[in-house]
$ cat entry_9.txt   # compact mmCIF, C-alpha atoms and all ligand atoms
# COMPACT_ATOMS: atom_id res chain seq x y z
CA MET O 1 55.31 -9.56 -29.77
CA THR O 2 56.40 -9.08 -33.39
CA ALA O 3 60.06 -9.83 -34.09
CA LEU O 4 61.50 -8.14 -37.17
CA SER O 5 64.40 -9.70 -39.06
CA ALA O 6 67.11 -7.74 -40.82
CA ALA O 7 65.50 -8.92 -44.08
CA ASP O 8 62.14 -7.45 -43.02
CA ILE O 9 63.71 -4.08 -42.31
CA ALA O 10 65.66 -4.15 -45.58
CA LYS O 11 62.47 -5.01 -47.50
CA TYR O 12 60.58 -2.11 -45.88
CA ARG O 13 63.31 0.31 -46.86
CA GLU O 14 63.57 -1.10 -50.39
CA ASP O 15 59.84 -1.36 -51.19
CA GLY O 16 58.51 1.43 -48.98
CA PHE O 17 56.19 -0.98 -47.20
CA LEU O 18 56.15 -4.27 -45.30
CA VAL O 19 53.33 -6.77 -44.75
CA ILE O 20 53.31 -8.73 -41.47
CA GLU O 21 50.90 -11.64 -41.12
CA ASN O 22 49.24 -12.44 -37.79
CA PHE O 23 50.12 -9.02 -36.42
CA VAL O 24 46.97 -9.18 -34.31
CA SER O 25 45.25 -12.32 -33.10
CA SER O 26 41.82 -13.50 -34.24
CA ALA O 27 40.48 -12.54 -30.79
CA GLU O 28 41.82 -8.99 -31.25
CA VAL O 29 40.32 -8.85 -34.74
CA GLU O 30 36.92 -9.73 -33.28
CA LEU O 31 37.30 -7.15 -30.53
CA LEU O 32 38.39 -4.40 -32.93
CA ARG O 33 35.60 -5.20 -35.37
CA ASP O 34 33.05 -4.90 -32.58
CA ARG O 35 34.40 -1.62 -31.19
CA LEU O 36 34.97 -0.03 -34.59
CA GLU O 37 31.48 -0.92 -35.71
CA ARG O 38 30.15 0.76 -32.56
CA VAL O 39 32.11 3.99 -32.97
CA ILE O 40 31.37 4.32 -36.67
CA ASN O 41 27.69 4.22 -35.69
CA GLY O 42 28.22 6.93 -33.04
CA ASP O 43 28.31 4.70 -29.95
CA PHE O 44 31.21 6.10 -27.88
CA ASN O 45 32.23 5.19 -24.31
CA ARG O 46 34.32 8.33 -23.82
CA ILE O 47 33.06 11.92 -23.98
CA CYS O 48 35.30 13.14 -26.83
CA GLU O 49 34.21 12.75 -30.43
CA PRO O 50 36.44 12.22 -33.47
CA ASP O 51 37.36 15.32 -35.51
CA ASP O 52 37.13 13.75 -38.89
CA TYR O 53 34.08 12.03 -40.33
CA HIS O 54 33.57 10.81 -43.85
CA TRP O 55 30.16 9.13 -43.44
CA LYS O 56 27.63 9.62 -40.71
CA LYS O 57 24.80 7.29 -39.85
CA GLY O 58 21.56 8.73 -41.16
CA ARG O 59 23.34 11.42 -43.17
CA ASP O 60 25.16 9.45 -45.85
CA ALA O 61 24.24 6.61 -48.18
CA ASP O 62 25.22 3.03 -47.31
CA ASN O 63 27.65 2.74 -50.21
CA VAL O 64 29.78 5.69 -49.03
CA THR O 65 33.18 4.72 -47.64
CA ARG O 66 33.27 5.06 -43.85
CA PHE O 67 36.24 6.88 -42.38
CA MET O 68 36.56 8.32 -38.89
CA GLY O 69 39.36 9.45 -36.63
CA PRO O 70 40.83 9.71 -34.15
CA VAL O 71 39.03 6.77 -32.59
CA TRP O 72 41.31 6.37 -29.54
CA ARG O 73 39.66 9.23 -27.74
CA CYS O 74 36.06 8.08 -28.20
CA ASP O 75 36.52 4.44 -27.16
CA SER O 76 38.67 3.14 -24.31
CA VAL O 77 39.27 -0.30 -25.88
CA LEU O 78 40.48 1.25 -29.13
CA GLY O 79 42.61 3.66 -27.13
CA ARG O 80 44.39 0.82 -25.35
CA PHE O 81 44.97 -0.98 -28.65
CA THR O 82 46.26 2.04 -30.54
CA PHE O 83 48.74 2.95 -27.83
CA THR O 84 50.24 -0.54 -27.57
CA SER O 85 53.93 0.18 -27.14
CA ASP O 86 54.99 -2.93 -29.05
CA HIS O 87 53.29 -1.56 -32.17
CA ALA O 88 55.29 1.64 -31.85
CA ARG O 89 58.49 -0.36 -31.48
CA VAL O 90 57.89 -2.07 -34.84
CA VAL O 91 57.54 1.28 -36.62
CA ALA O 92 60.61 2.71 -34.88
CA GLU O 93 62.71 -0.28 -35.96
CA LEU O 94 61.47 -0.07 -39.55
CA GLU O 95 62.21 3.64 -39.67
CA GLY O 96 65.57 3.23 -37.92
CA GLU O 97 64.67 5.55 -35.06
CA PRO O 98 65.00 5.04 -31.28
CA SER O 99 61.38 6.12 -30.73
CA ILE O 100 58.30 7.42 -32.52
CA ARG O 101 55.21 9.41 -31.57
CA LEU O 102 51.78 8.15 -32.45
CA TYR O 103 49.47 11.01 -33.44
CA ASN O 104 46.27 9.62 -34.90
CA ASP O 105 44.21 6.52 -35.55
CA TYR O 106 41.29 5.83 -37.86
CA VAL O 107 38.67 3.31 -38.81
CA TRP O 108 37.99 2.52 -42.46
CA TYR O 109 35.13 0.55 -43.92
CA LYS O 110 34.77 0.20 -47.68
CA PRO O 111 31.25 -1.14 -48.34
CA GLU O 112 30.11 -2.90 -51.48
CA GLY O 113 29.92 -0.14 -54.10
CA GLY O 114 32.42 2.02 -52.17
CA LYS O 115 34.45 4.37 -54.35
CA PRO O 116 38.24 4.65 -54.61
CA ILE O 117 40.54 6.71 -52.45
CA GLU O 118 42.93 8.59 -54.73
CA MET O 119 46.61 7.63 -54.62
CA HIS O 120 48.52 9.93 -52.26
CA GLN O 121 51.54 10.33 -49.98
CA ASP O 122 50.61 10.63 -46.28
CA ALA O 123 53.54 12.88 -45.43
CA ALA O 124 52.33 15.51 -47.92
CA TYR O 125 49.35 16.14 -45.61
CA ASN O 126 51.43 16.32 -42.45
CA THR O 127 53.80 19.20 -43.06
CA TRP O 128 53.45 20.28 -39.42
CA VAL O 129 56.19 17.66 -38.95
CA GLN O 130 59.41 19.31 -40.09
CA PRO O 131 60.98 17.89 -42.07
CA PRO O 132 57.82 15.98 -43.11
CA ARG O 133 58.27 12.36 -42.14
CA VAL O 134 55.56 9.99 -41.02
CA ALA O 135 54.84 6.27 -41.16
CA ALA O 136 51.57 4.37 -41.03
CA CYS O 137 50.15 0.99 -40.15
CA TRP O 138 47.01 -0.42 -41.79
CA ILE O 139 45.49 -3.55 -40.24
CA ALA O 140 43.07 -5.67 -42.25
CA LEU O 141 40.09 -6.82 -40.17
CA ASP O 142 38.59 -8.79 -43.07
CA GLU O 143 40.06 -10.96 -45.77
CA THR O 144 40.90 -8.39 -48.44
CA HIS O 145 40.74 -8.62 -52.23
CA ALA O 146 41.94 -6.49 -55.12
CA ASP O 147 38.37 -5.94 -56.34
CA ALA O 148 36.91 -5.33 -52.88
CA GLY O 149 38.41 -1.96 -51.98
CA THR O 150 41.68 -3.04 -50.37
CA LEU O 151 44.76 -0.85 -50.06
CA PHE O 152 47.20 -0.66 -52.99
CA TYR O 153 50.88 0.32 -52.67
CA VAL O 154 53.22 1.52 -55.40
CA LYS O 155 56.40 -0.43 -54.85
CA GLY O 156 59.52 1.70 -54.37
CA SER O 157 57.58 4.96 -54.80
CA HIS O 158 58.86 6.37 -51.49
CA ARG O 159 62.02 7.18 -53.47
CA TRP O 160 60.20 9.32 -56.05
CA GLY O 161 60.34 12.42 -53.85
CA ALA O 162 57.81 14.66 -52.13
CA GLN O 163 54.87 15.96 -54.16
CA PRO O 164 51.97 18.30 -53.33
CA PRO O 165 48.94 16.67 -51.69
CA GLU O 166 46.07 15.62 -53.90
CA ALA O 167 43.16 18.02 -53.19
CA GLU O 168 40.36 15.45 -53.00
CA LEU O 169 41.09 11.94 -51.77
CA PHE O 170 37.48 10.76 -51.67
CA LEU O 171 36.29 10.60 -55.25
CA PRO O 172 32.62 11.44 -55.78
CA PRO O 173 30.33 8.58 -56.85
CA SER O 174 29.96 10.05 -60.32
CA ALA O 175 33.71 10.09 -60.89
CA VAL O 176 34.43 6.43 -61.43
CA GLY O 177 33.10 3.23 -62.84
CA SER O 178 34.10 -0.24 -61.70
CA ASP O 179 36.92 -0.55 -64.24
CA ASP O 180 38.13 3.04 -64.01
CA THR O 181 41.70 3.61 -62.81
CA SER O 182 41.47 7.41 -62.59
CA TRP O 183 42.30 7.11 -58.87
CA THR O 184 45.90 6.30 -59.87
CA ALA O 185 46.26 9.17 -62.38
CA TYR O 186 47.55 11.82 -59.96
CA MET O 187 50.30 9.45 -58.78
CA ARG O 188 51.34 8.36 -62.28
CA GLN O 189 52.36 11.86 -63.37
CA PHE O 190 55.12 11.81 -60.73
CA ALA O 191 56.69 8.48 -61.69
CA PRO O 192 60.28 9.14 -62.77
CA LYS O 193 60.81 8.70 -66.52
CA GLY O 194 61.41 5.09 -67.47
CA THR O 195 60.15 3.75 -64.13
CA GLU O 196 57.75 0.83 -64.18
CA VAL O 197 54.80 1.76 -61.95
CA GLU O 198 54.20 -1.39 -59.91
CA VAL O 199 50.83 -1.11 -58.17
CA VAL O 200 50.48 -3.88 -55.58
CA PRO O 201 47.06 -4.80 -54.13
CA LEU O 202 47.09 -6.01 -50.53
CA GLU O 203 45.25 -9.33 -50.58
CA LEU O 204 45.48 -10.29 -46.93
CA LYS O 205 44.00 -12.41 -44.19
CA ALA O 206 42.29 -10.62 -41.32
CA GLY O 207 44.84 -9.71 -38.67
CA THR O 208 47.60 -8.89 -41.16
CA ALA O 209 49.27 -5.48 -40.85
CA ALA O 210 50.85 -3.39 -43.58
CA PHE O 211 53.37 -0.70 -42.63
CA HIS O 212 54.32 2.05 -45.05
CA SER O 213 56.57 5.06 -45.28
CA GLY O 214 54.92 8.47 -45.39
CA TRP O 215 56.25 8.99 -48.92
CA THR O 216 55.00 5.69 -50.35
CA TRP O 217 52.19 6.30 -52.84
CA HIS O 218 49.04 4.38 -51.88
CA GLY O 219 45.29 4.43 -52.27
CA SER O 220 42.38 2.04 -52.53
CA GLY O 221 40.28 0.90 -55.44
CA PRO O 222 36.51 0.62 -55.74
CA ASN O 223 34.73 -2.25 -54.04
CA THR O 224 33.03 -4.05 -56.91
CA ARG O 225 32.76 -7.44 -55.19
CA SER O 226 29.17 -8.40 -54.45
CA GLY O 227 28.31 -8.87 -50.77
CA THR O 228 31.76 -7.94 -49.46
CA GLY O 229 32.79 -5.06 -47.23
CA CYS O 230 36.29 -4.36 -45.95
CA TRP O 231 37.05 -3.19 -42.40
CA ALA O 232 40.45 -1.83 -41.42
CA GLN O 233 42.04 0.05 -38.56
CA CYS O 234 45.01 2.30 -39.18
CA TRP O 235 47.28 4.64 -37.27
CA ARG O 236 49.99 7.12 -38.11
CA CYS O 237 53.11 8.19 -36.30
CA CYS O 238 56.05 10.49 -36.73
FE FE D 301 47.07 7.43 -46.62

$ encode --input "entry_9.txt" --output "structure tokens"
Amino acid sequence: MTALSAADIAKYREDGFLVIENFVSSAEVELLRDRLERVINGDFNRICEPDDYHWKKGRDADNVTRFMGPVWRCDSVLGRFTFTSDHARVVAELEGEPSIRLYNDYVWYKPEGGKPIEMHQDAAYNTWVQPPRVAACWIALDETHADAGTLFYVKGSHRWGAQPPEAELFLPPSAVGSDDTSWTAYMRQFAPKGTEVEVVPLELKAGTAAFHSGWTWHGSGPNTRSGTGCWAQCWRCC
């Protein structure tokens, strides 16, 4: 069970995100890695399929970023993990609400050569919640590195206000080189005048969770690290 301090909650509200080490055990990391690898390859133990695929085995190249969701309804083990009530309690406390509703979960895998995910605000894509307000949790299932496709947050950017959603989050392979930062360009135009844009890479141990507000700008860079892929599980709630 994760105990939040008043300082943790204050940091989440100040920065727009909070990192919690050892959020899941090494045994859970192993279990999640196994089940997520199965579902991303189309091996489901429930009859429902995910709605959203960005990579399919046999259809897409190996260096395309894998993304699939929801995974709770195609695998019973992932379903039990995603709907762990203690996870929901952490988000509710961070957001200052008595309860929250979980509405989706995803698997991410950024392979070597994987391209960036453009900086965006999650809540901008979830306007069926009125007023739009969501929060997310991203759990690293590998050690993550700035040059290996990890998640990046823009500190304090949840206070910049709501902006329209970026049209294309998955940049095409031709769009970027290894040192290109075009995946942050959309976000930068909305930084208030005089604000230092502080882009923070999440360099984490496996089992660490990062929680963020739905208005916090975030995205992930290219994976340019040789021989390294990055697995993550994430879920969103409102
Ligand atoms: Fe996101």

$ residues_near_ligand --input "entry_9.txt" --ligand "ligand FE 301 (chain D)" --cutoff "7 Å" --atoms "all atoms listed in the file" --output "PyMOL selection string"
chain O and resi 120-122+218-219

$ closest_residue --input "entry_9.txt" --among "O:Ala6, O:Thr195, O:Glu21, O:Asp43" --to "Ser76 in chain O" --atoms "all atoms listed in the file"
O:Asp43

$ residues_near_point --input "entry_9.txt" --point "(56.3, -7.8, -37.1)" --cutoff "9 Å" --atoms "only C-alpha atoms" --output "PyMOL selection string"
chain O and resi 1-5+8+18-23+87+90+209

$ write_last_selection --input "entry_9.txt" --atoms "C-alpha atoms" --output "short mmCIF file (atom, residue, chain, number, x, y, z; two decimals), in the frame of the given file"
data_model
loop_
_atom_site.label_atom_id
_atom_site.label_comp_id
_atom_site.auth_asym_id
_atom_site.auth_seq_id
_atom_site.Cartn_x
_atom_site.Cartn_y
_atom_site.Cartn_z
CA MET O 1 55.31 -9.56 -29.77
CA THR O 2 56.40 -9.08 -33.39
CA ALA O 3 60.06 -9.83 -34.09
CA LEU O 4 61.50 -8.14 -37.17
CA SER O 5 64.40 -9.70 -39.06
CA ASP O 8 62.14 -7.45 -43.02
CA LEU O 18 56.15 -4.27 -45.30
CA VAL O 19 53.33 -6.77 -44.75
CA ILE O 20 53.31 -8.73 -41.47
CA GLU O 21 50.90 -11.64 -41.12
CA ASN O 22 49.24 -12.44 -37.79
CA PHE O 23 50.12 -9.02 -36.42
CA HIS O 87 53.29 -1.56 -32.17
CA VAL O 90 57.89 -2.07 -34.84
CA ALA O 209 49.27 -5.48 -40.85
#

$ closest_residue --input "entry_9.txt" --among "O:Leu102, O:Ile139, O:Val77, O:Val29" --to "Cys234 in chain O" --atoms "only C-alpha atoms"
O:Ile139

$ closest_residue --input "entry_9.txt" --among "O:Lys110, O:His145, O:Arg46, O:His212" --to "Gly79 in chain O" --atoms "all atoms listed in the file"
O:Arg46

$ closest_residue --input "entry_9.txt" --among "O:Cys74, O:Ile9, O:Leu31, O:Leu141" --to "Phe211 in chain O" --atoms "only C-alpha atoms"
O:Ile9

$ atom_distance --input "entry_9.txt" --atom1 "CA of Ala123 in chain O" --atom2 "CA of Glu49 in chain O"
24.5 Å

$ decode --input "entry_9.txt" --residues "range 106-144 of chain O" --atoms "N, CA and C atoms" --output "compact mmCIF listing (two decimals), in the first residue's frame"
# COMPACT_ATOMS: atom_id res chain seq x y z
N TYR O 106 -3.48 0.92 -20.92
CA TYR O 106 -2.72 0.75 -22.16
C TYR O 106 -1.38 0.06 -21.87
N VAL O 107 -0.85 -0.53 -22.91
CA VAL O 107 0.54 -0.98 -22.87
C VAL O 107 1.31 -0.14 -23.89
N TRP O 108 2.53 0.22 -23.50
CA TRP O 108 3.46 0.93 -24.37
C TRP O 108 4.75 0.13 -24.46
N TYR O 109 5.29 0.07 -25.65
CA TYR O 109 6.66 -0.45 -25.79
C TYR O 109 7.36 0.39 -26.85
N LYS O 110 8.43 1.05 -26.44
CA LYS O 110 9.20 1.87 -27.38
C LYS O 110 10.46 1.08 -27.72
N PRO O 111 10.51 0.49 -28.93
CA PRO O 111 11.68 -0.33 -29.30
C PRO O 111 12.86 0.56 -29.68
N GLU O 112 14.00 -0.07 -29.80
CA GLU O 112 15.16 0.66 -30.34
C GLU O 112 14.76 1.22 -31.70
N GLY O 113 15.04 2.50 -31.92
CA GLY O 113 14.64 3.14 -33.18
C GLY O 113 13.23 3.69 -33.16
N GLY O 114 12.51 3.49 -32.04
CA GLY O 114 11.13 4.00 -31.94
C GLY O 114 11.11 5.53 -31.98
N LYS O 115 10.08 6.07 -32.60
CA LYS O 115 9.99 7.52 -32.82
C LYS O 115 9.29 8.21 -31.66
N PRO O 116 9.38 9.52 -31.59
CA PRO O 116 8.77 10.25 -30.47
C PRO O 116 7.24 10.23 -30.51
N ILE O 117 6.68 10.49 -29.34
CA ILE O 117 5.26 10.80 -29.21
C ILE O 117 5.20 12.29 -28.90
N GLU O 118 4.49 13.02 -29.73
CA GLU O 118 4.42 14.48 -29.60
C GLU O 118 3.91 14.90 -28.22
N MET O 119 4.44 16.01 -27.71
CA MET O 119 3.96 16.55 -26.44
C MET O 119 2.47 16.88 -26.54
N HIS O 120 1.73 16.54 -25.49
CA HIS O 120 0.28 16.76 -25.51
C HIS O 120 -0.26 16.85 -24.09
N GLN O 121 -1.53 17.24 -23.99
CA GLN O 121 -2.26 17.23 -22.72
C GLN O 121 -3.35 16.17 -22.83
N ASP O 122 -3.36 15.18 -21.93
CA ASP O 122 -4.34 14.09 -22.02
C ASP O 122 -5.78 14.61 -21.99
N ALA O 123 -6.05 15.59 -21.15
CA ALA O 123 -7.44 16.03 -20.97
C ALA O 123 -8.01 16.62 -22.25
N ALA O 124 -7.14 17.12 -23.13
CA ALA O 124 -7.62 17.71 -24.39
C ALA O 124 -8.27 16.68 -25.29
N TYR O 125 -7.95 15.39 -25.06
CA TYR O 125 -8.52 14.31 -25.88
C TYR O 125 -9.72 13.65 -25.19
N ASN O 126 -10.08 14.14 -24.04
CA ASN O 126 -11.12 13.49 -23.24
C ASN O 126 -12.20 14.49 -22.85
N THR O 127 -12.70 15.20 -23.85
CA THR O 127 -13.67 16.25 -23.56
C THR O 127 -15.07 15.70 -23.31
N TRP O 128 -15.21 14.36 -23.36
CA TRP O 128 -16.47 13.76 -22.94
C TRP O 128 -16.62 13.86 -21.43
N VAL O 129 -15.53 14.18 -20.72
CA VAL O 129 -15.60 14.50 -19.30
C VAL O 129 -15.82 16.01 -19.22
N GLN O 130 -16.88 16.44 -18.60
CA GLN O 130 -17.17 17.86 -18.51
C GLN O 130 -17.31 18.30 -17.06
N PRO O 131 -16.53 19.30 -16.64
CA PRO O 131 -15.43 19.90 -17.40
C PRO O 131 -14.29 18.89 -17.56
N PRO O 132 -13.49 19.02 -18.65
CA PRO O 132 -12.42 18.04 -18.89
C PRO O 132 -11.44 17.98 -17.72
N ARG O 133 -11.32 16.82 -17.14
CA ARG O 133 -10.37 16.66 -16.04
C ARG O 133 -10.05 15.18 -15.90
N VAL O 134 -8.83 14.83 -16.18
CA VAL O 134 -8.40 13.44 -16.04
C VAL O 134 -7.04 13.42 -15.34
N ALA O 135 -6.63 12.25 -14.94
CA ALA O 135 -5.29 12.06 -14.39
C ALA O 135 -4.78 10.72 -14.91
N ALA O 136 -3.48 10.54 -14.93
CA ALA O 136 -2.92 9.31 -15.49
C ALA O 136 -1.78 8.80 -14.62
N CYS O 137 -1.55 7.49 -14.75
CA CYS O 137 -0.43 6.84 -14.09
C CYS O 137 0.35 6.07 -15.15
N TRP O 138 1.64 6.23 -15.16
CA TRP O 138 2.55 5.55 -16.12
C TRP O 138 3.56 4.77 -15.29
N ILE O 139 3.61 3.46 -15.50
CA ILE O 139 4.48 2.62 -14.67
C ILE O 139 5.60 2.05 -15.54
N ALA O 140 6.83 2.36 -15.18
CA ALA O 140 7.99 1.86 -15.92
C ALA O 140 8.19 0.38 -15.60
N LEU O 141 8.32 -0.43 -16.64
CA LEU O 141 8.57 -1.86 -16.44
C LEU O 141 9.98 -2.23 -16.88
N ASP O 142 10.77 -1.22 -17.22
CA ASP O 142 12.19 -1.34 -17.51
C ASP O 142 12.88 -0.17 -16.84
N GLU O 143 14.19 -0.27 -16.68
CA GLU O 143 14.95 0.93 -16.32
C GLU O 143 14.82 1.88 -17.50
N THR O 144 14.52 3.14 -17.25
CA THR O 144 14.28 4.07 -18.36
C THR O 144 15.36 5.14 -18.42
